[in-house]
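Everything below belongs to model.cif, which stores mmCIF, C-alpha atoms and all ligand atoms.
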data_input
#
loop_
_atom_site.label_atom_id
_atom_site.label_comp_id
_atom_site.auth_asym_id
_atom_site.auth_seq_id
_atom_site.Cartn_x
_atom_site.Cartn_y
_atom_site.Cartn_z
CA MET A 1346 -1.76 -27.72 -10.45
CA ASP A 1347 0.54 -27.45 -7.48
CA PHE A 1348 -0.66 -25.72 -4.33
CA GLN A 1349 2.61 -26.17 -2.43
CA PHE A 1350 5.44 -23.70 -2.00
CA THR A 1351 8.86 -25.05 -2.92
CA GLU A 1352 11.38 -25.88 -0.19
CA GLU A 1353 13.32 -22.78 -1.16
CA GLN A 1354 10.19 -20.64 -0.78
CA GLU A 1355 9.48 -22.16 2.65
CA ARG A 1356 13.08 -21.41 3.66
CA PHE A 1357 12.69 -17.83 2.44
CA ARG A 1358 9.46 -17.36 4.45
CA HIS A 1359 11.25 -18.67 7.50
CA GLU A 1360 14.17 -16.30 6.91
CA VAL A 1361 11.81 -13.29 6.68
CA ARG A 1362 10.01 -14.38 9.89
CA SER A 1363 13.26 -14.81 11.82
CA PHE A 1364 14.52 -11.45 10.55
CA LEU A 1365 11.34 -9.69 11.76
CA ASP A 1366 11.49 -11.45 15.15
CA LYS A 1367 15.03 -10.17 15.55
CA GLU A 1368 14.73 -6.68 14.10
CA LEU A 1369 11.30 -5.36 15.12
CA PRO A 1370 11.31 -3.28 18.32
CA SER A 1371 10.70 -5.52 21.34
CA ASN A 1372 7.39 -3.77 22.18
CA TRP A 1373 6.10 -4.01 18.60
CA VAL A 1374 2.37 -4.86 18.56
CA ASP A 1375 2.01 -5.79 14.91
CA TYR A 1376 -0.12 -2.86 13.85
CA ILE A 1377 -0.19 -2.69 10.13
CA GLY A 1378 0.95 0.29 8.17
CA THR A 1379 1.66 2.65 10.99
CA ALA A 1380 5.17 3.03 12.19
CA PHE A 1381 4.05 6.27 13.65
CA ASP A 1382 1.88 4.89 16.34
CA ASP A 1383 2.80 6.20 19.76
CA THR A 1384 2.16 2.80 21.35
CA VAL A 1385 5.55 1.81 20.04
CA ALA A 1386 7.39 5.09 19.96
CA PRO A 1387 6.63 8.79 20.03
CA ILE A 1388 5.51 9.82 16.57
CA LYS A 1389 8.79 11.61 15.82
CA ASP A 1390 10.74 8.39 16.57
CA GLY A 1391 8.35 6.35 14.43
CA GLU A 1392 9.80 7.89 11.29
CA GLN A 1393 13.30 6.90 12.41
CA ILE A 1394 12.15 3.34 13.15
CA PHE A 1395 10.68 3.19 9.64
CA ARG A 1396 13.86 4.53 8.02
CA ASP A 1397 16.18 2.25 10.03
CA MET A 1398 14.12 -0.78 9.10
CA ALA A 1399 14.03 0.30 5.43
CA LEU A 1400 17.84 0.31 5.36
CA LYS A 1401 17.95 -3.18 6.88
CA LEU A 1402 15.38 -4.52 4.39
CA GLY A 1403 17.41 -2.86 1.64
CA GLN A 1404 20.59 -4.58 2.82
CA LYS A 1405 18.83 -7.94 2.55
CA GLY A 1406 17.84 -7.10 -1.04
CA TRP A 1407 14.18 -7.37 -0.10
CA LEU A 1408 13.11 -3.97 -1.47
CA SER A 1409 13.95 -5.06 -5.00
CA LEU A 1410 12.88 -8.71 -4.91
CA PHE A 1411 11.06 -8.98 -8.23
CA TRP A 1412 13.14 -6.39 -10.08
CA PRO A 1413 15.29 -7.77 -12.90
CA LYS A 1414 19.01 -8.21 -12.15
CA GLU A 1415 19.88 -5.51 -14.72
CA TYR A 1416 18.19 -2.94 -12.47
CA GLY A 1417 19.90 -4.20 -9.33
CA GLY A 1418 17.03 -6.51 -8.34
CA GLN A 1419 16.92 -10.14 -7.19
CA SER A 1420 14.91 -11.45 -10.20
CA CYS A 1421 12.60 -13.38 -7.86
CA SER A 1422 9.12 -14.43 -8.92
CA TYR A 1423 6.05 -12.51 -7.89
CA VAL A 1424 5.02 -15.52 -5.80
CA ASP A 1425 8.27 -15.09 -3.81
CA PHE A 1426 7.50 -11.40 -3.50
CA LEU A 1427 4.03 -12.16 -2.11
CA ILE A 1428 5.54 -14.51 0.48
CA TYR A 1429 7.65 -11.60 1.65
CA LEU A 1430 4.67 -9.18 1.62
CA GLU A 1431 2.53 -11.67 3.54
CA GLU A 1432 5.09 -11.91 6.34
CA ILE A 1433 5.70 -8.16 6.43
CA ALA A 1434 1.96 -7.40 6.54
CA SER A 1435 1.13 -9.96 9.20
CA ARG A 1436 3.66 -8.29 11.54
CA GLY A 1437 2.71 -4.75 10.39
CA SER A 1438 6.42 -4.21 9.84
CA PRO A 1439 7.72 -0.72 9.07
CA GLY A 1440 10.37 -0.18 6.41
CA TYR A 1441 8.54 -1.37 3.33
CA ASN A 1442 7.61 1.53 1.03
CA ALA A 1443 5.22 0.04 -1.53
CA VAL A 1444 5.02 3.19 -3.66
CA GLY A 1445 8.75 3.12 -4.43
CA SER A 1446 9.54 -0.59 -4.38
CA LYS A 1447 6.41 -2.15 -5.83
CA MET A 1448 4.83 0.57 -7.96
CA LEU A 1449 7.24 3.24 -9.15
CA ALA A 1450 10.16 0.89 -9.86
CA PRO A 1451 8.39 -1.23 -12.53
CA THR A 1452 6.97 2.00 -13.98
CA LEU A 1453 10.50 3.36 -14.35
CA PHE A 1454 11.67 0.09 -15.99
CA LYS A 1455 9.08 0.85 -18.69
CA TYR A 1456 9.00 4.63 -19.00
CA GLY A 1457 12.05 6.01 -17.18
CA THR A 1458 15.09 7.41 -18.97
CA GLU A 1459 18.49 5.91 -18.08
CA GLU A 1460 19.19 8.99 -15.90
CA GLN A 1461 15.88 8.61 -14.06
CA LYS A 1462 16.52 4.91 -13.42
CA GLU A 1463 20.04 5.67 -12.22
CA LYS A 1464 18.84 8.45 -9.94
CA HIS A 1465 15.94 6.63 -8.24
CA LEU A 1466 16.22 2.84 -8.46
CA LYS A 1467 19.35 2.30 -6.37
CA PRO A 1468 18.25 4.59 -3.49
CA ILE A 1469 14.80 2.92 -3.48
CA ALA A 1470 16.39 -0.56 -3.39
CA ARG A 1471 18.70 0.47 -0.54
CA GLY A 1472 15.78 1.90 1.46
CA GLU A 1473 17.21 5.41 1.31
CA GLU A 1474 14.50 7.08 -0.78
CA LEU A 1475 10.85 6.97 0.31
CA LEU A 1476 7.97 7.98 -1.93
CA CYS A 1477 4.26 8.67 -1.75
CA GLU A 1478 1.43 8.93 -4.27
CA ALA A 1479 -0.18 12.33 -4.78
CA PHE A 1480 -2.92 11.71 -7.32
CA THR A 1481 -6.17 12.53 -5.52
CA GLU A 1482 -7.37 16.14 -5.43
CA PRO A 1483 -10.25 17.66 -3.46
CA ASP A 1484 -12.42 17.37 -6.60
CA ALA A 1485 -10.75 14.44 -8.35
CA GLY A 1486 -10.80 11.04 -6.60
CA SER A 1487 -12.19 8.03 -8.46
CA ASP A 1488 -12.11 10.15 -11.59
CA ILE A 1489 -8.45 11.23 -11.37
CA ALA A 1490 -8.51 12.57 -14.91
CA SER A 1491 -10.65 15.50 -13.77
CA LEU A 1492 -7.61 16.91 -11.92
CA GLN A 1493 -7.01 20.67 -11.81
CA THR A 1494 -3.32 20.89 -10.83
CA LYS A 1495 -1.37 22.60 -13.63
CA ALA A 1496 2.22 22.35 -14.83
CA VAL A 1497 3.40 25.09 -17.20
CA ARG A 1498 6.70 24.75 -19.07
CA ASP A 1499 9.22 27.52 -18.36
CA ASN A 1500 12.57 26.92 -20.13
CA ASN A 1501 14.08 23.85 -18.47
CA ASP A 1502 11.47 23.63 -15.72
CA TYR A 1503 7.77 23.15 -15.14
CA ILE A 1504 5.95 25.49 -12.75
CA ILE A 1505 3.41 23.44 -10.79
CA THR A 1506 0.34 24.94 -9.10
CA GLY A 1507 -2.46 23.07 -7.37
CA GLN A 1508 -3.47 20.87 -4.46
CA LYS A 1509 -3.43 17.13 -3.78
CA THR A 1510 -5.04 15.37 -0.83
CA TRP A 1511 -5.18 12.05 1.08
CA SER A 1512 -1.58 11.34 0.25
CA THR A 1513 -0.63 8.52 2.61
CA PHE A 1514 2.85 8.71 4.09
CA ALA A 1515 3.66 12.08 2.46
CA LYS A 1516 4.92 13.59 5.70
CA TYR A 1517 7.65 10.95 5.87
CA SER A 1518 8.45 10.79 2.16
CA ASP A 1519 11.30 12.33 0.21
CA TRP A 1520 9.51 12.43 -3.17
CA CYS A 1521 5.98 12.24 -4.48
CA CYS A 1522 4.63 10.80 -7.72
CA MET A 1523 2.04 13.20 -9.08
CA LEU A 1524 -0.04 14.16 -12.11
CA ALA A 1525 -0.57 17.65 -13.50
CA ARG A 1526 -2.40 19.06 -16.49
CA THR A 1527 0.12 20.22 -19.07
CA ASP A 1528 -2.30 20.95 -21.92
CA PRO A 1529 -5.73 22.27 -20.95
CA GLU A 1530 -6.77 22.30 -24.64
CA LEU A 1531 -6.53 18.52 -24.90
CA LYS A 1532 -9.41 16.40 -23.68
CA ARG A 1533 -9.22 15.11 -20.07
CA HIS A 1534 -6.64 12.31 -19.78
CA ARG A 1535 -4.80 13.34 -22.98
CA GLY A 1536 -3.34 16.55 -21.53
CA ILE A 1537 -1.91 15.07 -18.32
CA SER A 1538 1.76 14.51 -17.40
CA PHE A 1539 3.42 12.43 -14.67
CA PHE A 1540 6.11 14.03 -12.49
CA LEU A 1541 8.39 13.01 -9.67
CA VAL A 1542 8.61 15.92 -7.25
CA ASP A 1543 11.17 16.33 -4.49
CA LEU A 1544 9.04 17.28 -1.48
CA SER A 1545 11.67 19.73 -0.25
CA THR A 1546 11.20 21.86 -3.40
CA PRO A 1547 10.41 25.52 -2.54
CA GLY A 1548 6.67 26.09 -3.04
CA VAL A 1549 5.72 22.54 -1.95
CA THR A 1550 3.97 22.30 1.44
CA VAL A 1551 2.95 19.03 3.08
CA ASN A 1552 0.23 19.32 5.74
CA PRO A 1553 -0.71 16.24 7.77
CA ILE A 1554 -4.40 15.39 8.16
CA ILE A 1555 -5.17 13.57 11.40
CA ASP A 1556 -6.96 10.34 10.53
CA ILE A 1557 -9.73 8.45 12.30
CA GLN A 1558 -7.11 6.84 14.58
CA GLY A 1559 -5.76 10.25 15.59
CA GLU A 1560 -2.56 9.72 13.59
CA PRO A 1561 -1.06 11.88 10.84
CA ASP A 1562 -0.99 9.15 8.18
CA PHE A 1563 -2.54 11.23 5.37
CA CYS A 1564 -1.48 14.61 4.05
CA GLU A 1565 -2.61 17.34 1.74
CA ILE A 1566 0.12 18.72 -0.50
CA PHE A 1567 0.09 22.26 -1.88
CA PHE A 1568 2.11 23.25 -4.95
CA GLU A 1569 2.50 27.03 -5.16
CA ASP A 1570 4.51 27.88 -8.26
CA ALA A 1571 6.83 24.98 -7.45
CA ARG A 1572 9.67 24.85 -9.99
CA VAL A 1573 10.34 21.25 -11.06
CA PRO A 1574 13.13 20.39 -13.55
CA LYS A 1575 11.99 18.91 -16.86
CA GLU A 1576 14.18 15.87 -16.05
CA ASN A 1577 11.50 14.88 -13.48
CA LEU A 1578 8.86 14.33 -16.16
CA ILE A 1579 8.29 10.58 -16.62
CA GLY A 1580 7.18 9.21 -19.99
CA GLY A 1581 6.94 12.48 -21.94
CA GLU A 1582 4.69 15.55 -21.89
CA ASN A 1583 0.97 14.74 -22.06
CA GLU A 1584 1.77 11.02 -21.77
CA GLY A 1585 1.06 10.80 -18.03
CA TRP A 1586 -2.14 8.77 -18.29
CA LYS A 1587 -0.48 5.61 -19.55
CA VAL A 1588 2.35 6.05 -17.01
CA VAL A 1589 -0.07 6.29 -14.08
CA GLN A 1590 -2.11 3.34 -15.36
CA THR A 1591 1.06 1.21 -15.33
CA MET A 1592 1.92 2.37 -11.84
CA LEU A 1593 -1.59 1.75 -10.45
CA SER A 1594 -1.75 -1.70 -12.05
CA TYR A 1595 0.91 -2.76 -9.53
CA GLU A 1596 -0.91 -1.27 -6.55
CA ARG A 1597 -3.65 -3.87 -6.40
CA ILE A 1598 -1.34 -6.89 -6.55
CA ALA A 1599 -1.14 -7.29 -2.80
CA ILE A 1600 -1.82 -9.69 0.05
CA GLY A 1601 -1.79 -7.26 3.00
CA PRO A 1602 -5.51 -7.25 3.88
CA VAL A 1603 -5.76 -11.06 3.77
CA ALA A 1604 -2.54 -11.48 5.78
CA VAL A 1605 -3.99 -9.24 8.50
CA VAL A 1606 -7.26 -11.19 8.52
CA ARG A 1607 -5.29 -14.40 9.12
CA SER A 1608 -3.52 -12.70 12.04
CA MET A 1609 -6.89 -11.52 13.37
CA ILE A 1610 -8.20 -15.09 13.38
CA ASP A 1611 -5.05 -16.41 15.12
CA ARG A 1612 -5.25 -13.72 17.78
CA MET A 1613 -8.96 -14.28 18.41
CA VAL A 1614 -8.43 -18.03 18.77
CA ARG A 1615 -5.57 -17.48 21.25
CA TYR A 1616 -7.58 -14.90 23.18
CA ILE A 1617 -10.59 -17.21 23.49
CA LYS A 1618 -8.37 -20.06 24.70
CA ASP A 1619 -6.65 -17.76 27.20
CA ASN A 1620 -10.01 -16.59 28.60
CA PRO A 1621 -12.05 -19.79 29.09
CA GLU A 1622 -14.12 -18.26 31.91
CA ARG A 1623 -15.93 -15.98 29.46
CA GLN A 1624 -19.03 -16.94 27.49
CA TRP A 1625 -18.03 -17.03 23.83
CA GLN A 1626 -21.36 -17.22 22.07
CA ASN A 1627 -21.13 -18.05 18.38
CA ALA A 1628 -17.36 -17.54 18.33
CA GLY A 1629 -16.81 -20.88 16.60
CA GLN A 1630 -19.37 -20.09 13.90
CA ALA A 1631 -17.99 -16.63 13.23
CA LEU A 1632 -14.33 -17.68 13.21
CA ALA A 1633 -14.97 -20.76 11.05
CA GLN A 1634 -16.67 -18.55 8.46
CA LEU A 1635 -13.73 -16.14 8.49
CA LYS A 1636 -11.26 -19.02 8.26
CA VAL A 1637 -12.89 -20.23 5.03
CA GLU A 1638 -12.93 -16.73 3.55
CA ALA A 1639 -9.32 -16.04 4.55
CA GLU A 1640 -8.24 -19.25 2.81
CA VAL A 1641 -10.12 -18.25 -0.36
CA GLY A 1642 -8.59 -14.76 -0.17
CA ARG A 1643 -5.06 -16.14 0.21
CA LEU A 1644 -5.51 -18.52 -2.72
CA ILE A 1645 -6.68 -15.79 -5.10
CA CYS A 1646 -3.75 -13.58 -4.04
CA TYR A 1647 -1.18 -16.27 -4.85
CA ARG A 1648 -3.08 -17.12 -8.04
CA LEU A 1649 -2.77 -13.48 -9.09
CA ALA A 1650 0.98 -13.56 -8.39
CA TRP A 1651 1.27 -16.74 -10.46
CA LEU A 1652 -0.74 -15.15 -13.32
CA HIS A 1653 1.58 -12.15 -13.13
CA ASP A 1654 4.68 -14.39 -13.29
CA ASN A 1655 3.22 -16.03 -16.38
CA GLY A 1656 2.28 -12.78 -18.10
CA MET A 1657 -1.44 -13.54 -17.79
CA ALA A 1658 -2.67 -11.15 -15.05
CA THR A 1659 -5.40 -8.72 -16.06
CA ALA A 1660 -6.82 -5.63 -14.39
CA GLN A 1661 -9.89 -7.72 -13.61
CA ASP A 1662 -7.84 -10.30 -11.64
CA ALA A 1663 -6.18 -7.56 -9.60
CA ALA A 1664 -9.54 -5.83 -8.98
CA MET A 1665 -11.09 -9.12 -7.76
CA VAL A 1666 -8.24 -9.70 -5.32
CA ARG A 1667 -8.41 -6.16 -3.95
CA LEU A 1668 -12.22 -6.17 -3.66
CA TYR A 1669 -12.35 -9.54 -1.92
CA GLY A 1670 -9.43 -8.84 0.41
CA THR A 1671 -10.54 -5.40 1.56
CA GLU A 1672 -14.20 -6.34 2.08
CA LEU A 1673 -13.09 -9.44 3.99
CA PHE A 1674 -10.82 -7.22 6.12
CA GLN A 1675 -13.87 -5.10 6.97
CA ARG A 1676 -16.02 -8.12 7.87
CA ALA A 1677 -13.26 -9.64 9.98
CA ALA A 1678 -12.59 -6.42 11.91
CA SER A 1679 -16.33 -6.08 12.64
CA ALA A 1680 -16.60 -9.71 13.72
CA GLY A 1681 -13.59 -9.24 16.05
CA MET A 1682 -15.19 -6.19 17.70
CA GLU A 1683 -18.44 -8.06 18.18
CA LEU A 1684 -16.77 -11.13 19.65
CA LEU A 1685 -14.59 -9.17 22.07
CA GLY A 1686 -17.61 -7.21 23.31
CA LEU A 1687 -17.94 -3.67 24.59
CA TYR A 1688 -14.36 -3.44 25.92
CA SER A 1689 -13.08 -3.79 22.35
CA GLN A 1690 -13.99 -0.13 21.87
CA LEU A 1691 -11.27 0.93 24.31
CA GLY A 1692 -8.13 2.37 22.80
CA LYS A 1693 -4.63 1.01 23.25
CA GLU A 1694 -3.93 3.60 25.97
CA ASP A 1695 -6.49 1.90 28.25
CA SER A 1696 -5.09 -1.11 30.16
CA ARG A 1697 -8.51 -2.80 29.99
CA ALA A 1698 -8.50 -2.81 26.17
CA PRO A 1699 -8.42 -6.43 25.01
CA LEU A 1700 -5.41 -7.33 22.82
CA GLN A 1701 -3.91 -3.84 23.34
CA GLY A 1702 -6.76 -2.25 21.34
CA TRP A 1703 -5.69 -4.27 18.32
CA PHE A 1704 -9.22 -4.87 16.95
CA ARG A 1705 -10.30 -1.29 17.51
CA HIS A 1706 -7.28 -0.19 15.51
CA PHE A 1707 -8.18 -2.46 12.62
CA TYR A 1708 -11.89 -1.73 12.85
CA LEU A 1709 -11.21 1.99 12.42
CA SER A 1710 -8.71 1.48 9.61
CA SER A 1711 -11.05 -0.98 7.86
CA ILE A 1712 -13.30 1.93 6.87
CA GLY A 1713 -10.64 3.35 4.57
CA VAL A 1714 -9.43 0.11 2.99
CA THR A 1715 -12.44 -0.18 0.69
CA ILE A 1716 -11.78 3.39 -0.55
CA ALA A 1717 -7.99 3.44 -1.02
CA ALA A 1718 -6.55 2.13 -4.32
CA GLY A 1719 -10.01 2.29 -5.92
CA THR A 1720 -13.33 2.14 -4.06
CA SER A 1721 -15.31 -1.11 -4.05
CA GLU A 1722 -17.67 0.39 -6.63
CA ILE A 1723 -14.80 1.29 -8.96
CA LEU A 1724 -13.34 -2.22 -8.57
CA LYS A 1725 -16.74 -3.69 -9.46
CA ASN A 1726 -16.87 -1.41 -12.51
CA VAL A 1727 -13.52 -2.90 -13.62
CA ILE A 1728 -14.77 -6.47 -13.12
CA ALA A 1729 -18.08 -5.73 -14.87
CA GLY A 1730 -16.45 -3.85 -17.75
CA ILE A 1731 -13.28 -5.87 -18.42
CA GLY A 1732 -14.31 -9.25 -17.04
CA LEU A 1733 -18.01 -9.47 -17.85
CA LYS A 1734 -17.82 -7.05 -20.79
CA LEU A 1735 -20.97 -5.30 -19.65
CA PRO A 1736 -21.68 -1.85 -21.12
CA ARG A 1737 -20.83 1.14 -18.86
CA GLU A 1738 -23.74 2.20 -16.67
C1 LIG B 1801 -6.91 4.90 3.46
C2 LIG B 1801 -6.78 5.76 2.23
C3 LIG B 1801 -5.53 5.98 1.68
C4 LIG B 1801 -5.40 6.80 0.55
N1 LIG B 1801 -4.15 7.07 0.08
C5 LIG B 1801 -4.01 7.85 -1.00
C6 LIG B 1801 -2.71 8.16 -1.50
O1 LIG B 1801 -1.69 7.74 -0.95
N2 LIG B 1801 -2.61 8.98 -2.58
C7 LIG B 1801 -3.70 9.46 -3.23
O2 LIG B 1801 -3.53 10.16 -4.22
N3 LIG B 1801 -4.97 9.19 -2.77
C8 LIG B 1801 -5.13 8.41 -1.67
N4 LIG B 1801 -6.39 8.15 -1.18
C9 LIG B 1801 -7.55 8.74 -1.84
C10 LIG B 1801 -8.35 7.71 -2.62
O3 LIG B 1801 -7.65 7.29 -3.77
C11 LIG B 1801 -9.71 8.35 -2.96
O4 LIG B 1801 -10.37 8.62 -1.75
C12 LIG B 1801 -10.55 7.41 -3.81
O5 LIG B 1801 -10.03 7.28 -5.10
C13 LIG B 1801 -12.02 7.89 -3.90
O6 LIG B 1801 -12.06 9.22 -4.27
P1 LIG B 1801 -13.00 10.26 -3.47
O7 LIG B 1801 -12.67 10.10 -2.02
O8 LIG B 1801 -12.82 11.58 -4.10
O9 LIG B 1801 -14.47 9.73 -3.66
P2 LIG B 1801 -15.35 9.89 -4.98
O10 LIG B 1801 -14.58 9.49 -6.18
O11 LIG B 1801 -15.96 11.25 -4.96
O12 LIG B 1801 -16.45 8.79 -4.73
C14 LIG B 1801 -17.58 9.01 -3.83
C15 LIG B 1801 -18.47 7.77 -3.92
O13 LIG B 1801 -18.99 7.63 -5.26
C16 LIG B 1801 -18.66 6.35 -5.78
N5 LIG B 1801 -18.32 6.46 -7.21
C17 LIG B 1801 -17.51 7.38 -7.78
N6 LIG B 1801 -17.43 7.14 -9.12
C18 LIG B 1801 -18.19 6.07 -9.37
C19 LIG B 1801 -18.48 5.33 -10.57
N7 LIG B 1801 -17.97 5.67 -11.75
N8 LIG B 1801 -19.30 4.23 -10.45
C20 LIG B 1801 -19.82 3.86 -9.23
N9 LIG B 1801 -19.58 4.53 -8.09
C21 LIG B 1801 -18.77 5.62 -8.16
C22 LIG B 1801 -17.43 5.91 -5.00
O14 LIG B 1801 -17.32 4.48 -4.99
C23 LIG B 1801 -17.73 6.46 -3.61
O15 LIG B 1801 -18.59 5.61 -2.92
C24 LIG B 1801 -6.55 7.36 -0.05
C25 LIG B 1801 -7.81 7.13 0.51
C26 LIG B 1801 -7.93 6.36 1.65
C27 LIG B 1801 -9.29 6.13 2.24
#
Can you turn what I pasted into structure tokens?
Ligand SMILES: Cc1cc2nc3c(=O)[nH]c(=O)nc-3n(C[C@H](O)[C@H](O)[C@H](O)COP(=O)(O)OP(=O)(O)OC[C@H]3O[C@@H](n4cnc5c(N)ncnc54)[C@H](O)[C@@H]3O)c2cc1C
Amino acid sequence: MDFQFTEEQERFRHEVRSFLDKELPSNWVDYIGTAFDDTVAPIKDGEQIFRDMALKLGQKGWLSLFWPKEYGGQSCSYVDFLIYLEEIASRGSPGYNAVGSKMLAPTLFKYGTEEQKEKHLKPIARGEELLCEAFTEPDAGSDIASLQTKAVRDNNDYIITGQKTWSTFAKYSDWCCMLARTDPELKRHRGISFFLVDLSTPGVTVNPIIDIQGEPDFCEIFFEDARVPKENLIGGENEGWKVVQTMLSYERIAIGPVAVVRSMIDRMVRYIKDNPERQWQNAGQALAQLKVEAEVGRLICYRLAWLHDNGMATAQDAAMVRLYGTELFQRAASAGMELLGLYSQLGKEDSRAPLQGWFRHFYLSSIGVTIAAGTSEILKNVIAGIGLKLPRE
């Protein structure tokens, strides 16, 4: 066993850090996932900041790190990729579109036609094409296969009708990945197809939903007789279930939540040292506990990347990493709020808010992290079913 990164990997981490120091806006406050936060820029400029940064990341080749060379990628290992993700997440950098780069691309390697690969992979790698996931419906969340959205074949097109919801980033995306029922006679997941839909298609409406932070990060998407060319069907008619399973299997290989927890600990430690006049009851106990858990979380993330590089990763491994990381994120955000005291509830717009409202931001967003990409209960079902081979309850 070797728990060290190679010299080349250390150099790469350093390169990513220096790049972010140079390229992030000077007033960047390292909020994760939201380029559209008006602390940094008015919301309309946030999209531009995201797109500009995406182009710069694309120029470095960092949006296609683990893709094989034949698809224009860098053929790096997944461990290298996680180093990059760890640095990006700990600065909350804009410009990285996980749905395109990390999830759709490997799905297209497997199921895309040559035309589909040609059309989407290069723009994704260059940071020119941004995508979102539109799988959840008002009555189909954990059980996506109960979806109601329909796609009916009409000559060379499909006519799509239905509604999706909670689609993160849809307002700023060019395309969405979505599922629709193409054969209502077939049982549940058998009659489903996977489509790529250009969000500027007539009949497609994207409505932002203001989230708990007051930001328009989520959207509902309406499809009203939207005409989508048959060339946008990925993996064949009624074959969407296996396509989406492949795509989602890449979603949970991540290090974001743990990277943020490590930043939380660093910030708390600095804040305590900068404010010695305050009484910091139990801070050492709480932070030491989090430090241990963050180290465990980081190790299982890199272990998962290593398993993936060696063709040994299972859905159970990915579920364990996601479950541990997101629940730790929740505990750490709560601990931060408690340590900082009542002022931690103030928002970033209030000059008295400690750490520019950083912990409040993460505390509010921590509620959703154990729901997105599979709720904690669903992740436990995966671990119990695949890992422990327990019968379904
Ligand atoms: C921050 C965030 C980002 C999101 N981004 C996207 C996105 O980009 N695209 C997208 O399509 N969707 C997105 N979603 C939606 C997300 O995928 C769903 O919210 C999630 O799958 C749960 O579905 P639901 O909300 O309908 O809850 P339900 O599935 O109705 O679940 C309700 C409760 O029942 C529990 N439950 C359900 N089934 C079982 C079971 N079999 N065993 C045990 N417990 C069960 C759940 O754990 C939960 O506690 C996002 C959600 C959040 C919070």
- Message: Within 9 Å of ligand LIG 1801 (chain B) (counting all atoms listed in the file), which residues show up? I'd like them as a ChimeraX atom specification.
- Response: /A:1444,1477-1489,1509-1515,1522-1523,1556,1562-1564,1710-1726,1737-1738
- CA of Gln1624 in chain A to CA of Ser1435 in chain A: how many Å, to one decimal?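 Straight-line distance from CA of Gln1624 in chain A to CA of Ser1435 in chain A works out to 28.1 Å.
The gap separating CA of Ile1469 in chain A from CA of Ile1537 in chain A is 25.4 Å, in Å to one decimal.
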- Query: Near Lys1405 in chain A, within 10 Å and counting all atoms listed in the file, which residues show up once chain neighbours fewer than 3 positions away are dropped, as a PyMOL selection string?
  - Reply: chain A and resi 1361+1364+1399-1402+1408-1410+1470-1471
Please produce an output containing C-alpha atoms for each residue in the selection, written as a compact mmCIF listing (two decimals), keeping the file's coordinate frame.
# COMPACT_ATOMS: atom_id res chain seq x y z
CA VAL A 1361 11.81 -13.29 6.68
CA PHE A 1364 14.52 -11.45 10.55
CA ALA A 1399 14.03 0.30 5.43
CA LEU A 1400 17.84 0.31 5.36
CA LYS A 1401 17.95 -3.18 6.88
CA LEU A 1402 15.38 -4.52 4.39
CA LEU A 1408 13.11 -3.97 -1.47
CA SER A 1409 13.95 -5.06 -5.00
CA LEU A 1410 12.88 -8.71 -4.91
CA ALA A 1470 16.39 -0.56 -3.39
CA ARG A 1471 18.70 0.47 -0.54
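Excluding Arg1676 in chain A itself and any same-chain residue fewer than 4 positions from it, the protein and nucleic acid residues within 12 Å of it, counting all atoms listed in the file, are Pro1602, Val1603, Val1606, Met1609, Ile1610, Ala1631, Leu1632, Gln1634, Leu1635, Lys1636, Glu1638, Ala1639, Tyr1669, Gly1670, Thr1671, Glu1672, Ala1680, Gly1681, Met1682, Glu1683, Phe1704, Phe1707, Tyr1708, Ser1711, Ile1712, Val1714 and Thr1715 of chain A.
Close to (0.2, 29.5, -16.6), meaning no more than 12 Å away when counting all atoms listed in the file, sit the residues A:Thr1494, A:Lys1495, A:Ala1496, A:Val1497, A:Arg1498, A:Asp1499, A:Tyr1503, A:Ile1504, A:Ile1505, A:Thr1506, A:Gly1507, A:Arg1526, A:Thr1527, A:Asp1528, A:Pro1529, A:Glu1569, A:Asp1570.
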Would you put the residues from that selection into a file with C-alpha atoms, as a PDB file, in the frame of the given file?
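Now in result32.pdb:
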ATOM      1  CA  THR A1494      -3.320  20.890 -10.830  1.00  0.00           C
ATOM      2  CA  LYS A1495      -1.370  22.600 -13.630  1.00  0.00           C
ATOM      3  CA  ALA A1496       2.220  22.350 -14.830  1.00  0.00           C
ATOM      4  CA  VAL A1497       3.400  25.090 -17.200  1.00  0.00           C
ATOM      5  CA  ARG A1498       6.700  24.750 -19.070  1.00  0.00           C
ATOM      6  CA  ASP A1499       9.220  27.520 -18.360  1.00  0.00           C
ATOM      7  CA  TYR A1503       7.770  23.150 -15.140  1.00  0.00           C
ATOM      8  CA  ILE A1504       5.950  25.490 -12.750  1.00  0.00           C
ATOM      9  CA  ILE A1505       3.410  23.440 -10.790  1.00  0.00           C
ATOM     10  CA  THR A1506       0.340  24.940  -9.100  1.00  0.00           C
ATOM     11  CA  GLY A1507      -2.460  23.070  -7.370  1.00  0.00           C
ATOM     12  CA  ARG A1526      -2.400  19.060 -16.490  1.00  0.00           C
ATOM     13  CA  THR A1527       0.120  20.220 -19.070  1.00  0.00           C
ATOM     14  CA  ASP A1528      -2.300  20.950 -21.920  1.00  0.00           C
ATOM     15  CA  PRO A1529      -5.730  22.270 -20.950  1.00  0.00           C
ATOM     16  CA  GLU A1569       2.500  27.030  -5.160  1.00  0.00           C
ATOM     17  CA  ASP A1570       4.510  27.880  -8.260  1.00  0.00           C
TER      18      ASP A1570
END
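Of the listed residues (A:Ala1698, A:Leu1578, A:Leu1673, A:Leu1684), A:Leu1684 comes nearest to Arg1623 in chain A; the distances count all atoms listed in the file.
CA of Val1666 in chain A is positioned 7.2 Å from CA of Gly1642 in chain A.
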